>>> print(open('coords.txt').read())   # compact mmCIF, C-alpha atoms
# COMPACT_ATOMS: atom_id res chain seq x y z
CA MET A 1 -31.80 -14.36 -2.75
CA ALA A 2 -34.85 -14.14 -0.51
CA GLY A 3 -34.49 -15.86 2.82
CA THR A 4 -30.68 -16.07 2.65
CA THR A 5 -28.99 -15.71 6.02
CA THR A 6 -26.03 -13.31 5.90
CA LEU A 7 -23.63 -11.90 8.45
CA SER A 8 -25.43 -8.56 8.36
CA THR A 9 -28.83 -10.13 9.01
CA LEU A 10 -27.42 -12.20 11.86
CA THR A 11 -25.77 -9.23 13.59
CA ALA A 12 -28.92 -7.17 13.06
CA SER A 13 -30.81 -9.88 14.94
CA LEU A 14 -28.83 -9.40 18.14
CA PRO A 15 -31.18 -8.27 20.91
CA SER A 16 -31.35 -4.56 21.65
CA PHE A 17 -31.69 -3.16 25.15
CA PRO A 18 -33.78 -0.27 26.45
CA THR A 19 -32.34 3.22 26.73
CA SER A 20 -32.28 5.25 29.92
CA ALA A 21 -35.30 7.30 28.81
CA GLU A 22 -37.29 4.14 28.05
CA ILE A 23 -36.38 2.62 31.42
CA ALA A 24 -37.39 5.83 33.23
CA GLU A 25 -40.78 5.76 31.54
CA ASN A 26 -41.22 2.08 32.39
CA LEU A 27 -40.33 2.78 36.00
CA ARG A 28 -42.74 5.73 36.13
CA GLN A 29 -45.56 3.51 34.85
CA ALA A 30 -44.63 0.76 37.29
CA VAL A 31 -44.68 3.17 40.24
CA GLY A 32 -47.95 4.64 39.04
CA GLY A 33 -49.44 1.17 38.80
CA LEU A 34 -48.80 0.61 42.49
CA ASN A 35 -51.28 3.38 43.39
CA SER A 36 -48.51 5.17 45.23
CA LEU A 37 -49.03 8.63 46.72
CA ILE A 38 -45.93 9.72 44.76
CA THR A 39 -47.47 11.47 41.79
CA ASN A 40 -45.04 14.26 40.91
CA TYR A 41 -42.95 13.21 37.92
CA ASN A 42 -42.05 16.69 36.73
CA VAL A 43 -38.52 17.25 35.43
CA GLY A 44 -36.40 18.17 38.44
CA GLY A 45 -38.92 16.71 40.89
CA VAL A 46 -37.75 14.32 43.59
CA SER A 47 -39.55 11.26 42.22
CA GLN A 48 -38.54 11.87 38.61
CA THR A 49 -34.91 12.53 39.60
CA TYR A 50 -34.68 9.22 41.46
CA LEU A 51 -36.26 7.36 38.56
CA GLU A 52 -33.83 8.94 36.10
CA ALA A 53 -30.84 8.04 38.31
CA VAL A 54 -31.93 4.40 38.39
CA ALA A 55 -32.55 4.46 34.63
CA ILE A 56 -29.07 5.83 33.91
CA ALA A 57 -27.54 3.03 35.99
CA LEU A 58 -29.41 0.49 33.88
CA GLY A 59 -29.74 2.04 30.43
CA SER A 60 -27.97 0.91 27.25
CA ASP A 61 -26.99 4.53 26.54
CA ALA A 62 -25.78 5.48 30.00
CA SER A 63 -22.27 6.56 29.04
CA THR A 64 -23.60 8.82 26.25
CA LEU A 65 -25.78 10.94 28.52
CA PRO A 66 -24.59 14.47 29.40
CA ASN A 67 -22.17 14.59 32.31
CA SER A 68 -22.33 10.82 32.75
CA THR A 69 -19.36 8.47 32.81
CA VAL A 70 -21.43 5.56 34.09
CA GLU A 71 -21.83 2.45 31.98
CA GLY A 72 -25.32 1.09 32.45
CA ALA A 73 -26.01 -2.56 33.20
CA TYR A 74 -27.67 -3.04 29.82
CA GLU A 75 -24.80 -1.25 28.09
CA ILE A 76 -22.33 -3.61 29.74
CA LEU A 77 -24.50 -6.58 28.77
CA ALA A 78 -24.61 -5.41 25.15
CA SER A 79 -20.82 -5.05 25.10
CA ILE A 80 -20.41 -8.54 26.48
CA MET A 81 -22.69 -9.96 23.80
CA ARG A 82 -20.80 -8.18 21.03
CA ALA A 83 -17.48 -9.42 22.41
CA ALA A 84 -18.72 -13.00 22.45
CA TYR A 85 -18.63 -13.47 18.66
CA ILE A 86 -15.95 -12.97 16.02
CA ALA A 87 -18.56 -11.29 13.81
CA THR A 88 -19.15 -8.46 16.30
CA ALA A 89 -16.12 -8.29 18.61
CA SER A 90 -13.48 -5.59 18.23
CA GLY A 91 -10.00 -4.78 19.47
CA ILE A 92 -8.59 -7.01 22.18
CA TYR A 93 -11.83 -9.00 22.34
CA LEU A 94 -11.53 -9.86 18.65
CA ASP A 95 -7.93 -10.93 19.29
CA LEU A 96 -9.10 -13.25 22.07
CA LYS A 97 -11.91 -14.76 19.98
CA CYS A 98 -9.65 -15.33 16.96
CA LEU A 99 -7.04 -16.92 19.21
CA ASP A 100 -9.65 -19.61 19.92
CA VAL A 101 -9.30 -20.75 16.30
CA GLY A 102 -5.54 -20.20 16.05
CA VAL A 103 -5.63 -16.87 14.19
CA THR A 104 -3.55 -13.97 15.50
CA ARG A 105 -3.32 -10.35 14.45
CA LYS A 106 -0.45 -9.51 12.10
CA GLY A 107 2.07 -7.13 13.61
CA ALA A 108 3.42 -4.02 11.97
CA THR A 109 6.45 -4.45 9.70
CA TYR A 110 9.34 -2.12 8.93
CA ALA A 111 9.92 -0.57 5.51
CA ASN A 112 13.35 -1.03 3.96
CA THR A 113 15.32 0.39 1.06
CA ASP A 114 18.86 1.20 -0.10
CA ILE A 115 20.55 4.52 0.66
CA GLN A 116 23.45 6.25 -1.10
CA PHE A 117 25.36 9.18 0.39
CA VAL A 118 26.70 12.16 -1.54
CA LEU A 119 29.85 14.09 -0.61
CA PRO A 120 30.16 17.81 -1.44
CA THR A 121 33.64 17.18 -2.93
CA ALA A 122 35.56 14.15 -4.14
CA ALA A 123 36.67 11.72 -1.45
CA PRO A 124 40.36 11.94 -0.50
CA VAL A 125 43.01 9.29 -1.07
CA GLY A 126 41.92 6.18 0.75
CA GLY A 127 38.26 7.00 0.27
CA SER A 128 35.65 7.83 2.84
CA THR A 129 33.15 5.91 4.93
CA VAL A 130 29.74 6.63 6.41
CA ALA A 131 29.47 4.22 9.33
CA ALA A 132 26.47 1.98 9.83
CA GLY A 133 23.84 3.48 12.07
CA ALA A 134 23.47 6.77 10.24
CA ILE A 135 19.99 8.26 10.60
CA VAL A 136 18.40 9.63 7.43
CA SER A 137 14.88 10.83 6.81
CA ALA A 138 12.14 11.74 4.36
CA GLU A 139 9.51 14.43 4.76
CA PRO A 140 6.02 13.01 5.41
CA ALA A 141 3.10 13.60 3.08
CA ASP A 142 1.26 15.08 6.07
CA PRO A 143 3.23 18.17 7.19
CA THR A 144 1.82 17.84 10.72
CA GLN A 145 3.72 14.58 11.16
CA GLY A 146 7.41 14.25 11.99
CA PRO A 147 10.12 13.09 9.55
CA ILE A 148 10.12 9.44 8.44
CA MET A 149 13.36 8.09 9.88
CA PHE A 150 15.59 5.29 8.58
CA ILE A 151 18.79 3.78 9.98
CA THR A 152 21.53 2.36 7.77
CA LEU A 153 22.53 -1.24 8.41
CA ALA A 154 26.07 -1.29 6.99
CA ASP A 155 29.00 0.99 6.27
CA ALA A 156 28.68 3.04 3.07
CA THR A 157 32.00 3.46 1.31
CA ILE A 158 33.06 6.22 -1.11
CA ALA A 159 36.06 5.47 -3.30
CA ALA A 160 38.89 7.98 -3.60
CA GLY A 161 38.00 10.67 -6.11
CA ALA A 162 34.28 9.81 -6.05
CA THR A 163 31.39 11.70 -4.49
CA LEU A 164 28.78 8.93 -4.42
CA SER A 165 28.81 6.08 -1.92
CA SER A 166 27.95 2.45 -2.37
CA ALA A 167 24.31 1.54 -1.75
CA VAL A 168 23.60 0.22 1.74
CA GLY A 169 20.46 -1.21 3.24
CA ALA A 170 18.37 0.91 5.57
CA LEU A 171 15.43 0.06 7.80
CA ALA A 172 12.66 2.36 8.97
CA VAL A 173 13.04 3.32 12.63
CA ASN A 174 9.30 2.97 13.19
CA ALA A 175 7.16 0.15 11.87
CA GLY A 176 4.20 0.90 9.66
CA SER A 177 3.10 1.82 6.16
CA ALA A 178 4.29 5.42 6.64
CA GLY A 179 7.79 4.14 5.89
CA ASN A 180 6.88 3.20 2.32
CA CYS A 181 8.49 6.22 0.65
CA PRO A 182 8.82 6.85 -3.11
CA ALA A 183 12.28 6.82 -4.67
CA ASN A 184 14.48 9.91 -4.14
CA THR A 185 12.49 11.17 -1.13
CA ILE A 186 14.87 10.13 1.67
CA SER A 187 17.22 13.09 1.32
CA THR A 188 18.06 14.44 4.77
CA ILE A 189 20.91 13.24 6.99
CA GLN A 190 19.83 13.54 10.61
CA SER A 191 22.98 12.13 12.22
CA GLY A 192 26.02 9.96 11.59
CA GLY A 193 26.59 11.13 8.02
CA GLY A 194 30.20 12.15 8.55
CA THR A 195 31.33 14.41 5.70
CA ALA A 196 28.39 13.45 3.49
CA GLN A 197 26.26 16.40 2.43
CA SER A 198 23.09 14.59 1.40
CA CYS A 199 21.63 11.20 0.60
CA TYR A 200 18.93 9.61 -1.50
CA ASN A 201 17.11 6.31 -2.02
CA PRO A 202 17.42 5.17 -5.66
CA ALA A 203 14.42 2.85 -5.29
CA LYS A 204 11.23 3.15 -3.30
CA ALA A 205 11.10 1.99 0.30
CA GLY A 206 8.65 -0.86 0.71
CA GLY A 207 7.60 -3.66 3.01
CA GLY A 208 6.18 -1.43 5.75
CA ALA A 209 2.75 -2.41 7.00
CA ASP A 210 0.59 -1.20 9.87
CA THR A 211 -0.63 -3.53 12.57
CA GLU A 212 -3.52 -5.46 11.08
CA GLY A 213 -6.88 -3.86 11.72
CA ASP A 214 -10.11 -5.59 12.60
CA ASP A 215 -11.50 -5.01 9.09
CA ALA A 216 -10.54 -3.60 5.69
CA PRO A 217 -8.98 -1.45 4.39
CA ASN A 218 -5.92 -1.96 6.60
CA GLY A 219 -6.63 -5.43 7.83
CA GLY A 220 -8.83 -8.44 7.90
CA LEU A 221 -8.46 -10.17 11.24
CA ARG A 222 -12.22 -10.65 11.50
CA ALA A 223 -12.47 -12.15 8.00
CA ARG A 224 -9.54 -14.48 8.65
CA GLY A 225 -11.04 -15.57 11.95
CA LEU A 226 -14.40 -16.35 10.37
CA ALA A 227 -12.75 -18.18 7.48
CA ALA A 228 -10.67 -20.22 9.91
CA ILE A 229 -13.86 -21.49 11.52
CA LEU A 230 -15.35 -22.40 8.14
CA ASN A 231 -12.17 -24.09 6.90
CA ALA A 232 -10.90 -25.55 10.15
CA SER A 233 -9.25 -28.94 9.63
CA GLN A 234 -10.63 -29.24 6.08
CA CYS A 235 -7.31 -28.61 4.27
CA THR A 236 -9.28 -27.27 1.32
CA VAL A 237 -7.81 -24.98 -1.31
CA ALA A 238 -9.49 -22.06 0.45
CA ALA A 239 -8.04 -23.14 3.80
CA ILE A 240 -4.50 -23.33 2.40
CA ALA A 241 -4.78 -19.88 0.80
CA LEU A 242 -6.11 -18.53 4.10
CA ALA A 243 -3.21 -20.15 5.95
CA ALA A 244 -0.70 -18.42 3.65
CA ARG A 245 -2.14 -15.01 4.43
CA ALA A 246 -1.74 -15.68 8.16
CA TYR A 247 2.07 -15.36 7.81
CA THR A 248 3.33 -11.81 8.30
CA GLY A 249 4.89 -10.80 4.99
CA ILE A 250 2.37 -12.66 2.80
CA ILE A 251 -0.68 -10.57 2.00
CA SER A 252 -2.24 -12.53 -0.86
CA ALA A 253 -2.17 -16.10 -2.12
CA THR A 254 -3.75 -18.30 -4.75
CA VAL A 255 -3.71 -22.07 -4.95
CA ALA A 256 -3.43 -24.44 -7.90
CA ASP A 257 -4.06 -28.09 -7.12
CA ASN A 258 -3.31 -31.21 -9.15
CA THR A 259 -0.35 -29.54 -10.80
CA ALA A 260 3.36 -30.09 -11.25
CA LEU A 261 5.39 -28.84 -8.31
CA THR A 262 8.15 -26.36 -9.05
CA LEU A 263 10.56 -24.42 -6.90
CA ASN A 264 13.23 -21.99 -8.09
CA GLY A 265 12.28 -22.94 -11.63
CA VAL A 266 12.90 -26.66 -11.10
CA VAL A 267 10.04 -29.13 -11.57
CA LEU A 268 10.02 -31.25 -8.44
CA ALA A 269 7.44 -33.93 -9.09
CA PRO A 270 5.91 -34.19 -12.57
CA ALA A 271 3.98 -37.18 -13.84
CA ALA A 272 2.17 -38.14 -17.02
CA ASP A 273 -1.58 -37.59 -16.89
CA PRO A 274 -3.08 -41.06 -17.38
CA SER A 275 -6.42 -39.56 -18.44
CA THR A 276 -4.93 -37.96 -21.57
CA GLY A 277 -2.11 -40.30 -22.47
CA ASN A 278 -0.25 -37.43 -24.09
CA GLY A 279 2.49 -36.95 -21.54
CA THR A 280 0.96 -33.79 -20.03
CA THR A 281 2.80 -32.82 -16.86
CA PHE A 282 0.34 -33.52 -14.10
CA LEU A 283 0.33 -34.77 -10.55
CA ARG A 284 -2.70 -35.71 -8.53
CA GLY A 285 -2.61 -34.80 -4.86
CA SER A 286 -0.18 -31.91 -5.33
CA VAL A 287 -0.70 -28.25 -4.53
CA LEU A 288 1.20 -25.12 -5.50
CA VAL A 289 0.56 -22.06 -3.34
CA TYR A 290 1.46 -18.81 -5.06
CA CYS A 291 2.26 -16.08 -2.51
CA ASP A 292 2.83 -12.34 -2.75
CA ASP A 293 4.02 -9.77 -0.22
CA GLY A 294 2.44 -6.79 -1.98
CA SER A 295 5.46 -6.11 -4.17
CA GLY A 296 4.25 -8.30 -7.01
CA ASN A 297 7.64 -10.01 -7.10
CA LEU A 298 8.19 -12.05 -3.96
CA GLY A 299 10.43 -14.66 -5.60
CA ASP A 300 10.92 -18.24 -4.46
CA ALA A 301 12.43 -19.21 -1.15
CA ALA A 302 16.02 -20.29 -1.81
CA THR A 303 17.08 -23.79 -0.86
CA ASN A 304 20.29 -25.36 0.34
CA ALA A 305 21.94 -28.22 -1.51
CA ASP A 306 20.12 -30.71 0.73
CA GLY A 307 16.74 -29.18 -0.17
CA THR A 308 16.20 -27.38 3.12
CA PHE A 309 15.20 -23.74 2.98
CA VAL A 310 17.65 -20.89 3.47
CA GLU A 311 16.87 -19.18 6.76
CA ALA A 312 17.36 -15.58 5.63
CA ASN A 313 15.55 -15.83 2.30
CA HIS A 314 11.89 -14.77 2.40
CA SER A 315 11.32 -15.74 6.01
CA ALA A 316 7.52 -15.86 5.69
CA LEU A 317 7.70 -18.14 2.66
CA VAL A 318 10.29 -20.34 4.37
CA ALA A 319 8.14 -20.66 7.50
CA PHE A 320 5.03 -21.45 5.46
CA ASN A 321 6.87 -24.13 3.44
CA ARG A 322 8.16 -25.74 6.61
CA ASP A 323 4.67 -25.88 8.05
CA LEU A 324 3.34 -27.32 4.78
CA THR A 325 6.06 -29.97 4.85
CA ALA A 326 5.18 -30.76 8.46
CA GLY A 327 1.55 -31.29 7.49
CA LEU A 328 0.14 -28.32 9.37
CA TRP A 329 -1.97 -27.00 6.47
CA ARG A 330 -2.42 -30.01 4.18
CA ALA A 331 -4.23 -33.30 4.27
CA ALA A 332 -2.31 -36.56 4.58
CA GLY A 333 -1.01 -37.74 1.22
CA VAL A 334 -1.05 -34.29 -0.34
CA THR A 335 2.22 -32.62 -1.33
CA ALA A 336 2.22 -28.83 -1.11
CA VAL A 337 4.87 -26.25 -1.96
CA ALA A 338 4.67 -22.46 -1.62
CA ILE A 339 6.42 -20.31 -4.21
CA GLY A 340 6.75 -16.59 -4.76
CA SER A 341 4.92 -14.33 -7.16
CA GLU A 342 6.21 -12.99 -10.47
CA THR A 343 5.74 -9.50 -11.85
CA LEU A 344 3.77 -9.28 -15.08
CA ALA A 345 5.11 -6.04 -16.54
CA THR A 346 2.17 -4.01 -17.81
CA THR A 347 1.77 -0.87 -19.89
CA ALA A 348 -1.45 0.78 -20.97
CA ALA A 349 -2.45 3.50 -23.41
CA LEU A 350 -5.74 5.26 -24.02
CA SER A 351 -7.22 8.41 -25.48
CA ILE A 352 -9.85 10.52 -23.73
CA ASP A 353 -12.16 13.44 -24.38
CA VAL A 354 -12.27 16.20 -21.77
CA ALA A 355 -15.47 18.04 -20.88
CA ALA A 356 -15.26 21.72 -21.82
CA SER A 357 -17.31 22.63 -18.74
CA TYR A 358 -14.52 21.20 -16.59
CA VAL A 359 -11.77 23.20 -18.27
CA THR A 360 -11.96 26.25 -16.06
CA LEU A 361 -9.48 28.17 -13.98
CA GLY A 362 -7.32 25.58 -12.28
CA ASN A 363 -8.53 22.71 -14.48
CA THR A 364 -6.90 21.96 -17.81
CA ALA A 365 -7.09 19.13 -20.29
CA ALA A 366 -3.56 18.18 -19.26
CA SER A 367 -4.49 17.97 -15.57
CA VAL A 368 -7.44 15.73 -16.42
CA ALA A 369 -5.15 13.47 -18.44
CA THR A 370 -2.71 13.32 -15.52
CA ALA A 371 -5.54 12.39 -13.13
CA ALA A 372 -6.73 9.65 -15.50
CA GLN A 373 -3.16 8.36 -15.78
CA ALA A 374 -2.85 8.16 -11.99
CA ALA A 375 -6.22 6.43 -11.67
CA VAL A 376 -5.44 3.73 -14.25
CA TYR A 377 -1.95 3.23 -12.80
CA GLY A 378 -3.41 2.83 -9.33
CA TRP A 379 -6.04 0.37 -10.54
CA ILE A 380 -3.48 -1.84 -12.28
CA ASN A 381 -1.05 -1.78 -9.37
CA ALA A 382 -3.77 -2.82 -6.92
CA LEU A 383 -4.72 -5.98 -8.83
CA PRO A 384 -4.26 -9.20 -6.83
CA LEU A 385 -2.44 -12.38 -7.77
CA GLY A 386 -3.63 -13.91 -11.02
CA ALA A 387 -6.07 -11.11 -11.85
CA PRO A 388 -6.27 -10.10 -15.54
CA VAL A 389 -5.78 -6.55 -16.79
CA THR A 390 -8.89 -5.88 -18.82
CA LEU A 391 -9.74 -3.24 -21.39
CA ALA A 392 -13.10 -2.78 -19.69
CA GLY A 393 -11.44 -2.17 -16.33
CA ILE A 394 -9.24 0.56 -17.80
CA VAL A 395 -12.22 2.22 -19.50
CA GLN A 396 -14.33 2.11 -16.32
CA THR A 397 -11.48 3.51 -14.23
CA ALA A 398 -10.70 6.37 -16.62
CA ILE A 399 -14.31 7.40 -17.25
CA ALA A 400 -14.85 7.78 -13.49
CA VAL A 401 -12.22 10.56 -13.32
CA ASP A 402 -13.62 14.08 -12.99
CA GLY A 403 -13.47 15.90 -16.30
CA VAL A 404 -13.28 12.80 -18.52
CA SER A 405 -16.32 12.92 -20.78
CA ASN A 406 -15.44 9.94 -22.96
CA VAL A 407 -12.86 7.19 -23.37
CA LEU A 408 -12.21 6.20 -26.96
CA VAL A 409 -12.51 2.46 -26.56
CA ALA A 410 -10.80 1.72 -29.89
CA THR A 411 -7.64 3.45 -28.63
CA VAL A 412 -7.23 1.40 -25.42
CA THR A 413 -4.30 -0.99 -25.49
CA ILE A 414 -2.53 -3.17 -22.94
CA ASN A 415 1.11 -3.99 -23.64
CA GLY A 416 0.55 -2.62 -27.13
CA ALA A 417 -2.41 -4.85 -27.99
CA ALA A 418 -6.15 -4.17 -27.97
CA ALA A 419 -6.79 -7.25 -25.85
CA ASP A 420 -7.06 -8.21 -22.19
CA LEU A 421 -3.80 -9.25 -20.55
CA ILE A 422 -4.29 -12.63 -18.87
CA ALA A 423 -2.12 -13.29 -15.84
CA GLN A 424 -1.03 -16.73 -14.72
CA PRO A 425 -1.93 -17.74 -11.13
CA GLN A 426 1.55 -16.79 -9.88
CA GLN A 427 1.71 -13.48 -11.73
CA VAL A 428 0.86 -10.01 -10.42
CA ALA A 429 0.25 -7.32 -13.05
CA ARG A 430 2.25 -4.20 -12.27
CA CYS A 431 3.33 -1.00 -14.00
CA VAL A 432 7.00 -1.31 -13.12
CA ASN A 433 8.05 2.17 -14.28
CA ALA A 434 5.58 4.15 -12.17
CA PRO A 435 2.74 6.15 -13.82
CA THR A 436 4.74 6.64 -17.00
CA ASP A 437 3.75 3.10 -17.97
CA VAL A 438 0.25 4.48 -18.54
CA THR A 439 -0.05 6.86 -21.50
CA VAL A 440 -3.13 9.08 -21.68
CA THR A 441 -3.68 11.43 -24.62
CA VAL A 442 -6.42 14.01 -25.00
CA ASN A 443 -8.38 13.51 -28.20
CA ALA A 444 -10.64 16.54 -27.93
CA THR A 445 -12.36 18.95 -25.59
CA THR A 446 -16.06 18.29 -25.88
CA ALA A 447 -19.04 20.45 -25.07
CA TYR A 448 -20.81 17.73 -23.10
CA ALA A 449 -20.09 16.86 -19.51
>>> encode(input="coords.txt", output="structure tokens")
Amino acid sequence: MAGTTTLSTLTASLPSFPTSAEIAENLRQAVGGLNSLITNYNVGGVSQTYLEAVAIALGSDASTLPNSTVEGAYEILASIMRAAYIATASGIYLDLKCLDVGVTRKGATYANTDIQFVLPTAAPVGGSTVAAGAIVSAEPADPTQGPIMFITLADATIAAGATLSSAVGALAVNAGSAGNCPANTISTIQSGGGTAQSCYNPAKAGGGADTEGDDAPNGGLRARGLAAILNASQCTVAAIALAARAYTGIISATVADNTALTLNGVVLAPAADPSTGNGTTFLRGSVLVYCDDGSGNLGDAATNADGTFVEANHSALVAFNRDLTAGLWRAAGVTAVAIGSETLATTAALSIDVAASYVTLGNTAASVATAAQAAVYGWINALPLGAPVTLAGIVQTAIAVDGVSNVLVATVTINGAAADLIAQPQQVARCVNAPTDVTVTVNATTAYA
């Protein structure tokens, strides 16, 4: 809309400062205007050299000039101005600005999974044990990087006559998303394996996250800082959802207000809606906050018999609920409860045409189908809380794959039906059986691209 003020137009309006070359020219004109006898401004001349030295000391591009490590006065001033606002600050300066509004950068988290050890021969009488603290590893996707290391957290036992150990928890040695390994990829025993020959992780390793970045794709500290200013002390639905995402371990949240409160499947505070008179479960001044940790199946925070939260169960959700109870993120008189997300198991099927021009050496109809399968799987498994799985979304995702010339719309189904799959606010659509939950068939190889 014409005349609308946006973040980009505001940052573009920040004052710019002259470069070294512009300052040198201004100085030359100023000296010339004094009717000085100094008239030689040739490159390499004494006068010009002095002018350029002064200009470098002042210029906004001083540190970018050849052989210069000097930051000019204008360059320093520009940096100070950028650091003064959440919209333009970066790094430590963004941390400091966001701290002004109570928002801190999320730290890196450690991936975790279960590990089972395999003996080369059956365990002897009395069984065998792999002591806690064994180091196992997976090969990284990038061969230039070192192995992705995990440490086991408990003893793994192998019964007499068996070759496979019990499953034990393991934690990545280094924090970060690199620890999120697919199933069956942690296969090397680095140390502490005893007589075990190999190991594997029956399920994928998850929960690892990098330190939050300033901006997407691996963070959103700036966005959270700006939102905190907009929502400060308002206790709006948006402010509560923003507050949830501030807890390490919660990466997305949606809010439903004026609803019945439930926890662990138990309705806590229902009431009849007086506006309908039909006994509809309803409660004014109540808020449910649905939270997800990226898995699509966070689950509720467990409670003790007295209603207090279990310390070890979903620590982020427990901490958020305690703060809600204490009134940190809600208005007086409002009751708010945070609960975990639920997985909405999703399958998809579609038929495609493959462009004949794409079927060349190294490209086959089958490889195109596999690429389309991966694309649709990735699209579904990136959907946020409460987002629907739509037929149109599947078609748009598949048609964007190289080599797909057409998607037969009439063949697209979601969970076996030719209809959009509508998620509830607490549900996260996910293909739970990896890419095999998406079936792509090739209808024909067509002559058009």
>>> residues_around(input="coords.txt", residues="Thr335 (chain A)", least_positions_apart="4", cutoff="8 Å", atoms="all atoms listed in the file", output="compact mmCIF listing (two decimals) with C-alpha atoms, in the coordinates of the input")
# COMPACT_ATOMS: atom_id res chain seq x y z
CA GLY A 285 -2.61 -34.80 -4.86
CA SER A 286 -0.18 -31.91 -5.33
CA VAL A 287 -0.70 -28.25 -4.53
CA THR A 325 6.06 -29.97 4.85
CA ARG A 330 -2.42 -30.01 4.18
>>> atom_distance(input="coords.txt", atom1="CA of Asp155 (chain A)", atom2="CA of Val130 (chain A)")
5.7 Å
>>> residues_near_point(input="coords.txt", point="(9.9, -18.2, 2.2)", cutoff="8 Å", atoms="only C-alpha atoms", output="ChimeraX atom specification")
/A:300-302,309,313-321,338-340
>>> residues_around(input="coords.txt", residues="Gln373 (chain A)", least_positions_apart="6", cutoff="10 Å", atoms="all atoms listed in the file", output="number ranges by chain")
A: 348-350, 367, 379, 397-398, 401, 435-441
>>> write_last_selection(input="coords.txt", atoms="C-alpha atoms", output="mmCIF file, in the frame of the given file")
data_model
loop_
_atom_site.group_PDB
_atom_site.id
_atom_site.type_symbol
_atom_site.label_atom_id
_atom_site.label_comp_id
_atom_site.auth_asym_id
_atom_site.auth_seq_id
_atom_site.Cartn_x
_atom_site.Cartn_y
_atom_site.Cartn_z
ATOM 1 C CA ALA A 348 -1.450 0.780 -20.970
ATOM 2 C CA ALA A 349 -2.450 3.500 -23.410
ATOM 3 C CA LEU A 350 -5.740 5.260 -24.020
ATOM 4 C CA SER A 367 -4.490 17.970 -15.570
ATOM 5 C CA TRP A 379 -6.040 0.370 -10.540
ATOM 6 C CA THR A 397 -11.480 3.510 -14.230
ATOM 7 C CA ALA A 398 -10.700 6.370 -16.620
ATOM 8 C CA VAL A 401 -12.220 10.560 -13.320
ATOM 9 C CA PRO A 435 2.740 6.150 -13.820
ATOM 10 C CA THR A 436 4.740 6.640 -17.000
ATOM 11 C CA ASP A 437 3.750 3.100 -17.970
ATOM 12 C CA VAL A 438 0.250 4.480 -18.540
ATOM 13 C CA THR A 439 -0.050 6.860 -21.500
ATOM 14 C CA VAL A 440 -3.130 9.080 -21.680
ATOM 15 C CA THR A 441 -3.680 11.430 -24.620
#
>>> residues_around(input="coords.txt", residues="Tyr93 (chain A)", least_positions_apart="2", cutoff="12 Å", atoms="only C-alpha atoms", output="count of residues only")
24
>>> residues_around(input="coords.txt", residues="Val432 (chain A)", least_positions_apart="5", cutoff="9 Å", atoms="only C-alpha atoms", output="PyMOL selection string")
chain A and resi 343-347+381+437
>>> closest_residue(input="coords.txt", among="A:Ala417, A:Val428, A:Val334, A:Val237", to="Ile380 (chain A)", atoms="only C-alpha atoms")
A:Val428
>>> closest_residue(input="coords.txt", among="A:Ile148, A:Ile251, A:Ala205, A:Val136", to="Pro384 (chain A)", atoms="all atoms listed in the file")
A:Ile251
>>> residues_near_point(input="coords.txt", point="(-10.9, 2.4, -22.3)", cutoff="6 Å", atoms="only C-alpha atoms", output="list in words")
Leu391, Ile394, Val395, Val407, Val409 and Val412 of chain A
>>> atom_distance(input="coords.txt", atom1="CA of Val173 (chain A)", atom2="CA of Ile158 (chain A)")
24.5 Å
>>> axis_aligned_box(input="coords.txt", around="region 116-125 of chain A", padding_each_side="3 Å", output="JSON")
{"center_x": 33.2, "center_y": 12.0, "center_z": -1.9, "size_x": 25.6, "size_y": 17.6, "size_z": 10.5}
>>> atom_distance(input="coords.txt", atom1="CA of Ala243 (chain A)", atom2="CA of Cys181 (chain A)")
29.3 Å
>>> closest_residue(input="coords.txt", among="A:Ala444, A:Thr163, A:Tyr50, A:Ala400", to="Val31 (chain A)", atoms="only C-alpha atoms")
A:Tyr50
>>> closest_residue(input="coords.txt", among="A:Thr144, A:Ser137, A:Asn443, A:Thr121", to="Asn201 (chain A)", atoms="only C-alpha atoms")
A:Ser137
>>> residues_around(input="coords.txt", residues="Thr211 (chain A)", least_positions_apart="3", cutoff="12 Å", atoms="all atoms listed in the file", output="PyMOL selection string")
chain A and resi 91+104-110+174-178+208+214-215+217-221+248-249
